[in-house]
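Listing of upload.cif; format and content: mmCIF, C-alpha atoms.
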data_query
loop_
_atom_site.label_atom_id
_atom_site.label_comp_id
_atom_site.auth_asym_id
_atom_site.auth_seq_id
_atom_site.Cartn_x
_atom_site.Cartn_y
_atom_site.Cartn_z
CA MET A 148 -58.22 -123.66 -84.33
CA LYS A 149 -61.40 -125.58 -83.43
CA THR A 150 -63.55 -122.57 -84.32
CA VAL A 151 -61.94 -122.20 -87.77
CA THR A 152 -62.37 -125.90 -88.47
CA PHE A 153 -66.02 -125.77 -87.41
CA LEU A 154 -66.75 -122.80 -89.68
CA ARG A 155 -65.13 -124.50 -92.65
CA MET A 156 -67.04 -127.72 -92.05
CA THR A 157 -70.30 -125.76 -91.71
CA ALA A 158 -69.69 -123.98 -95.02
CA LEU A 159 -68.84 -127.26 -96.69
CA GLY A 160 -71.96 -128.89 -95.30
CA MET A 161 -74.12 -126.04 -96.59
CA ALA A 162 -72.57 -126.33 -100.03
CA LEU A 163 -73.10 -130.08 -100.21
CA ALA A 164 -76.71 -129.59 -99.18
CA GLY A 165 -77.20 -127.46 -102.30
CA LEU A 166 -77.64 -123.75 -101.51
CA SER A 167 -80.30 -121.99 -103.56
CA ALA A 168 -81.13 -119.05 -101.31
CA CYS A 169 -79.12 -116.48 -99.46
CA GLY A 170 -78.64 -117.68 -95.87
CA GLN A 171 -76.55 -116.37 -92.58
CA SER A 172 -72.66 -114.99 -91.76
CA SER A 173 -68.88 -113.62 -90.89
CA GLN A 174 -66.00 -112.70 -93.20
CA ASP A 175 -64.05 -115.76 -94.42
CA ILE A 176 -64.65 -116.25 -98.16
CA SER A 177 -65.19 -119.86 -99.21
CA VAL A 178 -65.17 -120.98 -102.86
CA LEU A 179 -66.68 -124.45 -102.94
CA PRO A 180 -67.02 -126.50 -106.14
CA ASP A 181 -69.92 -128.93 -106.35
CA ASP A 182 -69.39 -130.94 -109.54
CA ALA A 183 -72.46 -133.08 -109.00
CA ARG A 184 -74.72 -130.04 -109.05
CA LYS A 185 -72.65 -128.23 -111.70
CA LYS A 186 -71.95 -125.17 -109.61
CA VAL A 187 -69.46 -123.43 -107.34
CA ASP A 188 -70.84 -121.77 -104.20
CA VAL A 189 -69.22 -118.58 -102.91
CA LEU A 190 -69.82 -117.99 -99.20
CA TYR A 191 -68.85 -115.16 -96.87
CA GLY A 192 -68.51 -116.72 -93.42
CA GLY A 193 -71.11 -119.36 -94.22
CA ARG A 194 -73.66 -117.11 -95.95
CA LEU A 195 -74.18 -117.53 -99.66
CA PHE A 196 -73.11 -114.54 -101.75
CA THR A 197 -73.47 -116.15 -105.16
CA SER A 198 -72.97 -119.37 -107.11
CA TYR A 199 -71.26 -119.94 -110.44
CA ILE A 200 -73.66 -122.34 -112.18
CA TYR A 201 -73.30 -124.24 -115.44
CA PRO A 202 -76.30 -126.58 -115.82
CA ASP A 203 -77.04 -128.24 -119.16
CA ASP A 204 -80.30 -126.31 -119.59
CA LEU A 205 -78.56 -122.90 -119.67
CA GLU A 206 -76.86 -121.61 -122.82
CA LYS A 207 -74.06 -119.96 -120.81
CA PRO A 208 -72.57 -120.16 -117.29
CA VAL A 209 -73.85 -117.44 -114.94
CA LEU A 210 -73.54 -116.19 -111.37
CA TYR A 211 -76.90 -116.90 -109.73
CA PRO A 212 -78.33 -115.83 -107.36
CA LEU A 213 -76.59 -112.63 -106.27
CA CYS A 214 -77.10 -111.55 -102.64
CA THR A 215 -76.31 -108.65 -100.35
CA ALA A 216 -74.23 -108.96 -97.18
CA LYS A 217 -77.54 -109.29 -95.31
CA GLY A 218 -78.62 -112.19 -97.50
CA THR A 219 -81.18 -110.33 -99.62
CA VAL A 220 -81.50 -111.62 -103.18
CA VAL A 221 -81.03 -108.87 -105.80
CA THR A 222 -81.43 -110.98 -108.96
CA ARG A 223 -84.70 -112.02 -110.61
CA GLY A 224 -85.82 -115.60 -109.94
CA PHE A 225 -87.45 -116.35 -113.32
CA PRO A 226 -86.87 -118.64 -115.16
CA ARG A 227 -84.92 -120.83 -112.69
CA ASP A 228 -86.74 -120.11 -109.41
CA PRO A 229 -89.82 -118.04 -110.32
CA ARG A 230 -91.26 -115.80 -107.61
CA PRO A 231 -94.75 -114.27 -107.47
CA ASN A 232 -95.20 -110.88 -109.17
CA GLU A 233 -92.13 -111.23 -111.39
CA ARG A 234 -92.00 -110.39 -115.06
CA ILE A 235 -91.59 -113.47 -117.28
CA ASP A 236 -89.94 -111.78 -120.26
CA HIS A 237 -86.49 -112.48 -121.73
CA PRO A 238 -85.83 -116.04 -120.48
CA HIS A 239 -82.16 -115.62 -121.45
CA HIS A 240 -81.74 -113.04 -118.65
CA VAL A 241 -80.42 -115.14 -115.74
CA GLY A 242 -78.35 -113.81 -112.85
CA LEU A 243 -75.09 -112.13 -113.88
CA TRP A 244 -73.64 -113.14 -117.24
CA PHE A 245 -71.21 -112.17 -120.03
CA ASN A 246 -71.88 -112.70 -123.75
CA PHE A 247 -72.71 -110.85 -126.96
CA GLY A 248 -75.33 -110.55 -129.68
CA ASP A 249 -73.20 -110.81 -132.86
CA VAL A 250 -70.14 -113.06 -132.98
CA ASN A 251 -69.46 -114.17 -136.57
CA GLY A 252 -73.15 -113.52 -137.17
CA LEU A 253 -74.26 -115.74 -134.28
CA ASP A 254 -76.44 -114.45 -131.45
CA PHE A 255 -75.03 -115.62 -128.12
CA TRP A 256 -77.07 -113.12 -126.08
CA ASN A 257 -80.65 -114.19 -126.87
CA ASN A 258 -80.15 -117.95 -126.85
CA SER A 259 -82.33 -119.90 -124.38
CA TYR A 260 -84.71 -122.85 -124.08
CA ALA A 261 -87.35 -120.62 -125.74
CA VAL A 262 -85.58 -120.59 -129.15
CA PRO A 263 -87.23 -123.13 -131.54
CA ALA A 264 -84.99 -125.98 -132.71
CA ASN A 265 -85.20 -124.89 -136.35
CA GLU A 266 -83.80 -121.44 -135.39
CA LYS A 267 -80.93 -122.70 -133.21
CA PRO A 268 -78.32 -122.58 -136.04
CA GLY A 269 -78.44 -118.77 -135.79
CA TYR A 270 -77.42 -118.84 -132.13
CA GLY A 271 -74.28 -119.60 -130.15
CA SER A 272 -73.75 -121.17 -126.72
CA ILE A 273 -71.04 -120.89 -124.08
CA ARG A 274 -70.20 -124.28 -122.57
CA HIS A 275 -68.33 -124.66 -119.27
CA ARG A 276 -65.15 -126.70 -119.81
CA GLY A 277 -63.55 -126.86 -116.40
CA ILE A 278 -62.53 -125.24 -113.11
CA LEU A 279 -58.90 -124.15 -113.20
CA LEU A 280 -58.72 -122.66 -109.70
CA ALA A 281 -61.04 -122.54 -106.67
CA GLN A 282 -59.30 -120.82 -103.77
CA SER A 283 -60.82 -119.71 -100.48
CA GLY A 284 -59.27 -117.05 -98.23
CA LYS A 285 -59.59 -114.60 -95.36
CA LYS A 286 -59.78 -111.46 -97.51
CA GLU A 287 -60.68 -112.79 -100.94
CA GLY A 288 -61.74 -115.88 -102.80
CA ARG A 289 -60.70 -116.77 -106.33
CA LEU A 290 -62.35 -118.82 -109.03
CA THR A 291 -60.92 -119.36 -112.51
CA VAL A 292 -63.00 -121.23 -115.08
CA ALA A 293 -62.63 -122.24 -118.72
CA ALA A 294 -65.42 -122.31 -121.30
CA ASP A 295 -65.95 -122.56 -125.07
CA TRP A 296 -68.01 -120.21 -127.23
CA MET A 297 -69.54 -122.64 -129.75
CA ASN A 298 -71.84 -122.63 -132.75
CA ASN A 299 -74.88 -124.90 -132.91
CA ASP A 300 -72.79 -127.69 -134.49
CA GLY A 301 -70.39 -127.74 -131.55
CA LYS A 302 -67.50 -125.95 -133.27
CA THR A 303 -65.50 -123.74 -130.89
CA LEU A 304 -65.04 -120.14 -132.05
CA LEU A 305 -63.49 -118.78 -128.84
CA ARG A 306 -61.79 -120.16 -125.77
CA ASP A 307 -62.87 -118.28 -122.65
CA GLU A 308 -60.81 -118.09 -119.46
CA THR A 309 -62.53 -116.07 -116.73
CA GLN A 310 -61.12 -115.12 -113.34
CA TYR A 311 -63.47 -114.08 -110.55
CA VAL A 312 -62.02 -112.35 -107.49
CA PHE A 313 -64.54 -112.12 -104.63
CA SER A 314 -63.82 -109.60 -101.89
CA GLY A 315 -65.38 -106.91 -99.71
CA GLU A 316 -66.16 -106.47 -96.05
CA GLY A 317 -68.91 -105.14 -93.85
CA ASP A 318 -71.89 -104.14 -95.96
CA ARG A 319 -70.04 -104.31 -99.29
CA ARG A 320 -69.45 -107.23 -101.63
CA ILE A 321 -67.22 -106.97 -104.72
CA ILE A 322 -66.67 -109.18 -107.75
CA GLU A 323 -63.78 -108.48 -110.11
CA ARG A 324 -64.39 -110.33 -113.38
CA ILE A 325 -61.50 -110.72 -115.84
CA THR A 326 -62.33 -112.53 -119.08
CA THR A 327 -59.85 -113.42 -121.82
CA LEU A 328 -61.28 -114.59 -125.15
CA THR A 329 -58.98 -116.32 -127.64
CA ALA A 330 -59.97 -117.02 -131.25
CA GLN A 331 -59.47 -120.61 -132.35
CA GLN A 332 -59.04 -121.80 -135.98
CA ASP A 333 -61.21 -119.08 -137.57
CA THR A 334 -61.07 -115.29 -137.48
CA VAL A 335 -63.73 -114.05 -135.05
CA VAL A 336 -65.57 -110.77 -135.60
CA PHE A 337 -67.67 -108.98 -132.97
CA THR A 338 -69.95 -106.61 -134.89
CA ASP A 339 -71.47 -103.47 -133.33
CA ASN A 340 -74.58 -104.70 -131.48
CA LYS A 341 -76.61 -103.50 -128.49
CA GLU A 342 -76.92 -106.97 -126.94
CA GLY A 343 -73.94 -107.13 -124.60
CA LEU A 344 -71.68 -107.45 -122.78
CA ILE A 345 -71.83 -107.94 -119.02
CA ALA A 346 -75.27 -107.87 -117.45
CA ILE A 347 -77.46 -108.51 -114.40
CA ARG A 348 -81.20 -109.16 -114.45
CA VAL A 349 -82.48 -107.67 -111.23
CA ASP A 350 -85.28 -108.27 -108.76
CA ARG A 351 -88.60 -106.46 -109.19
CA ALA A 352 -87.76 -103.87 -106.51
CA PHE A 353 -84.91 -102.54 -108.71
CA GLU A 354 -87.12 -101.92 -111.74
CA GLU A 355 -88.40 -98.45 -112.54
CA PRO A 356 -92.15 -97.93 -112.00
CA SER A 357 -94.10 -98.56 -115.21
CA GLU A 358 -97.68 -98.20 -116.43
CA LYS A 359 -97.41 -100.66 -119.35
CA PRO A 360 -99.34 -103.94 -119.29
CA GLU A 361 -97.14 -107.01 -118.82
CA LEU A 362 -97.15 -110.76 -118.18
CA PHE A 363 -96.37 -111.68 -114.57
CA LEU A 364 -96.46 -114.73 -112.31
CA ASP A 365 -99.25 -114.82 -109.76
CA ALA A 366 -98.93 -116.31 -106.27
CA GLY A 367 -99.66 -119.76 -107.69
CA GLY A 368 -96.90 -119.50 -110.29
CA ASN A 369 -99.35 -119.02 -113.18
CA GLU A 370 -98.77 -116.63 -116.07
CA THR A 371 -101.13 -113.69 -115.67
CA ALA A 372 -101.72 -110.73 -117.96
CA VAL A 373 -101.65 -107.55 -115.87
CA PRO A 374 -103.27 -104.60 -117.69
CA VAL A 375 -102.44 -102.08 -114.95
CA MET A 376 -99.08 -102.38 -113.23
CA ASN A 377 -98.80 -102.59 -109.46
CA ASN A 378 -95.71 -100.53 -108.68
CA GLU A 379 -95.73 -101.11 -104.93
CA GLY A 380 -92.12 -101.56 -103.78
CA VAL A 381 -90.78 -100.79 -107.27
CA ASN A 382 -88.30 -97.94 -106.87
CA GLY A 383 -85.09 -98.53 -108.84
CA VAL A 384 -83.00 -95.55 -109.98
CA TYR A 385 -80.07 -95.79 -112.43
CA ARG A 386 -77.26 -93.25 -112.24
CA ASN A 387 -74.01 -92.95 -114.22
CA SER A 388 -70.64 -91.27 -113.67
CA GLU A 389 -71.79 -88.21 -115.65
CA GLY A 390 -74.71 -87.63 -113.27
CA LEU A 391 -77.46 -88.81 -115.65
CA GLU A 392 -80.30 -90.75 -114.05
CA LYS A 393 -83.10 -93.21 -114.83
CA GLY A 394 -83.80 -93.74 -118.54
CA ASP A 395 -81.25 -91.11 -119.53
CA VAL A 396 -78.35 -93.47 -118.76
CA TRP A 397 -79.33 -95.80 -121.63
CA GLY A 398 -77.10 -95.56 -124.70
CA ARG A 399 -74.54 -93.28 -123.03
CA PRO A 400 -70.80 -94.01 -122.65
CA THR A 401 -69.76 -93.94 -119.00
CA ARG A 402 -67.15 -95.43 -116.69
CA TRP A 403 -69.70 -96.68 -114.16
CA VAL A 404 -73.43 -97.11 -113.69
CA SER A 405 -75.20 -97.75 -110.40
CA LEU A 406 -78.71 -99.01 -109.70
CA SER A 407 -80.21 -98.26 -106.28
CA ALA A 408 -83.45 -99.32 -104.62
CA GLU A 409 -85.00 -100.15 -101.29
CA LYS A 410 -86.10 -103.76 -100.86
CA ASP A 411 -87.91 -104.85 -97.70
CA GLY A 412 -86.56 -101.80 -95.89
CA GLU A 413 -82.97 -102.43 -97.02
CA ALA A 414 -81.22 -99.65 -99.00
CA ILE A 415 -79.20 -101.43 -101.71
CA SER A 416 -76.96 -100.32 -104.57
CA LEU A 417 -75.54 -102.39 -107.42
CA ALA A 418 -72.83 -101.02 -109.69
CA ILE A 419 -70.90 -102.11 -112.77
CA LEU A 420 -67.54 -100.39 -113.37
CA ASP A 421 -65.71 -100.49 -116.68
CA HIS A 422 -61.90 -100.68 -116.82
CA ARG A 423 -60.03 -98.12 -118.92
CA ASP A 424 -57.86 -100.84 -120.49
CA ASN A 425 -60.93 -102.46 -122.04
CA PHE A 426 -61.61 -102.37 -125.76
CA GLY A 427 -64.41 -99.87 -126.34
CA TYR A 428 -63.85 -97.95 -123.08
CA PRO A 429 -65.88 -96.16 -121.89
CA ALA A 430 -68.60 -98.73 -122.42
CA TYR A 431 -72.15 -97.78 -123.40
CA SER A 432 -74.95 -98.49 -120.95
CA HIS A 433 -77.64 -100.95 -122.05
CA ALA A 434 -79.68 -100.47 -118.86
CA ARG A 435 -83.46 -100.78 -119.08
CA GLY A 436 -86.15 -99.81 -116.59
CA TYR A 437 -87.72 -103.26 -116.69
CA GLY A 438 -84.72 -104.76 -114.89
CA LEU A 439 -81.90 -105.36 -117.39
CA PHE A 440 -78.67 -103.80 -116.07
CA SER A 441 -75.99 -104.14 -118.75
CA THR A 442 -72.70 -102.51 -119.75
CA ASN A 443 -71.59 -102.94 -123.37
CA ASN A 444 -68.02 -102.48 -124.59
CA LEU A 445 -68.80 -103.76 -128.09
CA GLY A 446 -71.64 -101.48 -129.16
CA ARG A 447 -71.30 -97.85 -130.27
CA GLN A 448 -73.08 -96.91 -133.49
CA VAL A 449 -76.10 -98.95 -132.38
CA PHE A 450 -76.45 -96.46 -129.50
CA ASP A 451 -75.23 -93.33 -131.33
CA SER A 452 -76.11 -93.19 -135.03
CA ALA A 453 -73.59 -90.37 -135.57
CA ALA A 454 -70.68 -92.51 -134.34
CA SER A 455 -68.58 -94.87 -136.44
CA PRO A 456 -69.29 -98.60 -136.03
CA LEU A 457 -67.29 -100.49 -133.44
CA VAL A 458 -65.90 -103.79 -134.74
CA LEU A 459 -63.49 -106.10 -132.91
CA THR A 460 -61.64 -108.65 -135.06
CA LEU A 461 -59.52 -111.47 -133.62
CA ALA A 462 -57.28 -113.45 -135.94
CA PRO A 463 -56.77 -117.14 -135.08
CA GLY A 464 -54.78 -117.31 -131.85
CA ALA A 465 -55.36 -113.65 -130.95
CA SER A 466 -56.91 -112.67 -127.62
CA VAL A 467 -58.80 -109.82 -125.98
CA THR A 468 -59.29 -109.26 -122.25
CA PHE A 469 -62.17 -107.46 -120.53
CA LYS A 470 -62.14 -106.36 -116.88
CA HIS A 471 -65.23 -105.30 -114.93
CA LEU A 472 -66.00 -104.65 -111.28
CA ILE A 473 -69.41 -105.45 -109.78
CA VAL A 474 -70.31 -103.93 -106.42
CA VAL A 475 -73.21 -104.91 -104.15
CA GLN A 476 -73.76 -102.46 -101.29
CA THR A 477 -76.34 -102.60 -98.50
CA ASN A 478 -77.28 -100.39 -95.52
CA GLY A 479 -77.04 -97.25 -97.63
CA TYR A 480 -76.67 -96.32 -101.29
CA LEU A 481 -73.33 -95.93 -103.04
CA THR A 482 -72.38 -92.28 -103.54
CA ASP A 483 -70.67 -90.82 -106.59
CA ALA A 484 -67.56 -90.18 -104.49
CA GLU A 485 -67.42 -93.81 -103.35
CA LEU A 486 -67.87 -95.09 -106.91
CA ASN A 487 -65.20 -92.74 -108.24
CA ARG A 488 -62.77 -93.99 -105.58
CA LEU A 489 -63.60 -97.60 -106.42
CA ALA A 490 -63.06 -96.82 -110.10
CA GLU A 491 -59.65 -95.26 -109.48
CA ASP A 492 -58.56 -98.19 -107.34
CA PHE A 493 -59.78 -100.59 -110.06
CA TYR A 494 -57.92 -98.69 -112.81
CA ASN A 495 -54.67 -98.74 -110.87
CA ARG A 496 -54.55 -102.50 -110.24
#

How does this structure look as structure tokens?
Amino acid sequence: MKTVTFLRMTALGMALAGLSACGQSSQDISVLPDDARKKVDVLYGGRLFTSYIYPDDLEKPVLYPLCTAKGTVVTRGFPRDPRPNERIDHPHHVGLWFNFGDVNGLDFWNNSYAVPANEKPGYGSIRHRGILLAQSGKKEGRLTVAADWMNNDGKTLLRDETQYVFSGEGDRRIIERITTLTAQQDTVVFTDNKEGLIAIRVDRAFEEPSEKPELFLDAGGNETAVPVMNNEGVNGVYRNSEGLEKGDVWGRPTRWVSLSAEKDGEAISLAILDHRDNFGYPAYSHARGYGLFSTNNLGRQVFDSAASPLVLTLAPGASVTFKHLIVVQTNGYLTDAELNRLAEDFYNR
């Protein structure tokens, strides 16, 4: 009893101190709201796995950072916690998020601090409204949150209720994300668009090697134009359920996509699994070699010009639910057989 109490108090103390890096662990899963810092920390036995954050300077809530069971960060730091030798493109790519590029003509995907004020009316934001459930446990932790998808004038188009189920053991961490979107007073139309739907912006190690010149951060945090890329430690490989790899996964429908790389000697795989009950299943992959790992249930013709457009329309009061599974594996890459088993288990829940 004393040991359990001590572990819980340690986890609480770490959360109150404000975790921003991945730190050390056992197996209890703690889900710890911190209203003052506008976040909820998720710990496995005292080690940070991820945090649900909803600061005022972000245009949507995200999970950030995302860590392996060993504590290795797999998400990019920029723009919140820039690290040397990172790309500084796409400031709207933060952690793990869920939004879309065309909702009643508004772009929720590309909105960030970088959008000029005079252009903001063309963009939408997702604003955290409240925590409905934060439940710790031995085998899983649960977090349910509410948010509003709003236009630039503050009018709510969609109510968002998202459940996160955190589980896993040993070298594997799993997030089940279940999002229900409900149209409010207006009909809401999601128009075929490549910018969606659930995505992770990954650490430099998970990118594919590239020869193109880019802007990076140097060791002093300064923007630096790099004419010739240094690909040391850059070794990411995408793979989908059809056996396609690297750039060939982009724009293909598939039930899962994995991204594997070695970082600091640690063999790590990330995977996003689509659920067969989802609208638009199987989702198309919007996965790019520069570090965007995205699965899109609401784009089709934009990826395949021969296909019919995919349009989702919600009348006032109507809802749609999307289910996705995110897997973070360390000490060895995920195999096709393991991912197929995870997919079947996910489908049958």

Legend entry - atom CA of Asp295 of chain A to atom CA of Ile321 of chain A, straight-line distance in Å: 25.7 Å

Inset, instruction - Determine the nearest neighbour of Lys410 of chain A from the options A:Val384, A:Val475, A:Val220, A:Leu486, counting all atoms listed in the file. - result: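 Among A:Val384, A:Val475, A:Val220, A:Leu486, it is A:Val220 that comes nearest to Lys410 of chain A.
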
Identify, on the basis of all atoms listed in the file, every residue whose closest approach to Glu413 of chain A does not exceed 9 Å; exclude the query and any residue fewer than 6 positions from it along the same chain; express the result as an mmCIF file with C-alpha atoms, in the frame of the given file.
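Output below, filename selection-v9.cif:
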data_model
loop_
_atom_site.group_PDB
_atom_site.id
_atom_site.type_symbol
_atom_site.label_atom_id
_atom_site.label_comp_id
_atom_site.auth_asym_id
_atom_site.auth_seq_id
_atom_site.Cartn_x
_atom_site.Cartn_y
_atom_site.Cartn_z
ATOM 1 C CA LYS A 217 -77.540 -109.290 -95.310
ATOM 2 C CA THR A 219 -81.180 -110.330 -99.620
ATOM 3 C CA THR A 477 -76.340 -102.600 -98.500
ATOM 4 C CA ASN A 478 -77.280 -100.390 -95.520
ATOM 5 C CA GLY A 479 -77.040 -97.250 -97.630
#

Inset, instruction - Would you kindly return, as a list in words, each protein, DNA or RNA residue with an atom no farther than 8 Å from any atom of Lys341 of chain A, considering only C-alpha atoms and excluding same-chain residues fewer than 6 positions away? - result: Gly248, His433, Asn443, Leu445, Gly446, Arg447, Val449 and Phe450 of chain A

Evaluating the PyMOL selection byres ((chain A and resi 243) around 10) on the displayed file yields which residues, as a PDB file with C-alpha atoms, keeping the file's coordinate frame?
ATOM      1  CA  THR A 197     -73.470-116.150-105.160  1.00  0.00           C
ATOM      2  CA  TYR A 199     -71.260-119.940-110.440  1.00  0.00           C
ATOM      3  CA  PRO A 208     -72.570-120.160-117.290  1.00  0.00           C
ATOM      4  CA  VAL A 209     -73.850-117.440-114.940  1.00  0.00           C
ATOM      5  CA  LEU A 210     -73.540-116.190-111.370  1.00  0.00           C
ATOM      6  CA  TYR A 211     -76.900-116.900-109.730  1.00  0.00           C
ATOM      7  CA  PRO A 212     -78.330-115.830-107.360  1.00  0.00           C
ATOM      8  CA  LEU A 213     -76.590-112.630-106.270  1.00  0.00           C
ATOM      9  CA  THR A 222     -81.430-110.980-108.960  1.00  0.00           C
ATOM     10  CA  HIS A 240     -81.740-113.040-118.650  1.00  0.00           C
ATOM     11  CA  VAL A 241     -80.420-115.140-115.740  1.00  0.00           C
ATOM     12  CA  GLY A 242     -78.350-113.810-112.850  1.00  0.00           C
ATOM     13  CA  TRP A 244     -73.640-113.140-117.240  1.00  0.00           C
ATOM     14  CA  PHE A 245     -71.210-112.170-120.030  1.00  0.00           C
ATOM     15  CA  ILE A 345     -71.830-107.940-119.020  1.00  0.00           C
ATOM     16  CA  ALA A 346     -75.270-107.870-117.450  1.00  0.00           C
ATOM     17  CA  ILE A 347     -77.460-108.510-114.400  1.00  0.00           C
ATOM     18  CA  ARG A 348     -81.200-109.160-114.450  1.00  0.00           C
ATOM     19  CA  VAL A 349     -82.480-107.670-111.230  1.00  0.00           C
ATOM     20  CA  PHE A 440     -78.670-103.800-116.070  1.00  0.00           C
ATOM     21  CA  SER A 441     -75.990-104.140-118.750  1.00  0.00           C
ATOM     22  CA  ILE A 473     -69.410-105.450-109.780  1.00  0.00           C
TER      23      ILE A 473
END

Residues within 7 Å of (-64.8, -122.6, -123.5), file coords, only C-alpha atoms, listed as a compact mmCIF listing (two decimals) with C-alpha atoms, in the frame of the given file:
# COMPACT_ATOMS: atom_id res chain seq x y z
CA ILE A 273 -71.04 -120.89 -124.08
CA ARG A 274 -70.20 -124.28 -122.57
CA HIS A 275 -68.33 -124.66 -119.27
CA ARG A 276 -65.15 -126.70 -119.81
CA ALA A 293 -62.63 -122.24 -118.72
CA ALA A 294 -65.42 -122.31 -121.30
CA ASP A 295 -65.95 -122.56 -125.07
CA TRP A 296 -68.01 -120.21 -127.23
CA LEU A 305 -63.49 -118.78 -128.84
CA ARG A 306 -61.79 -120.16 -125.77
CA ASP A 307 -62.87 -118.28 -122.65
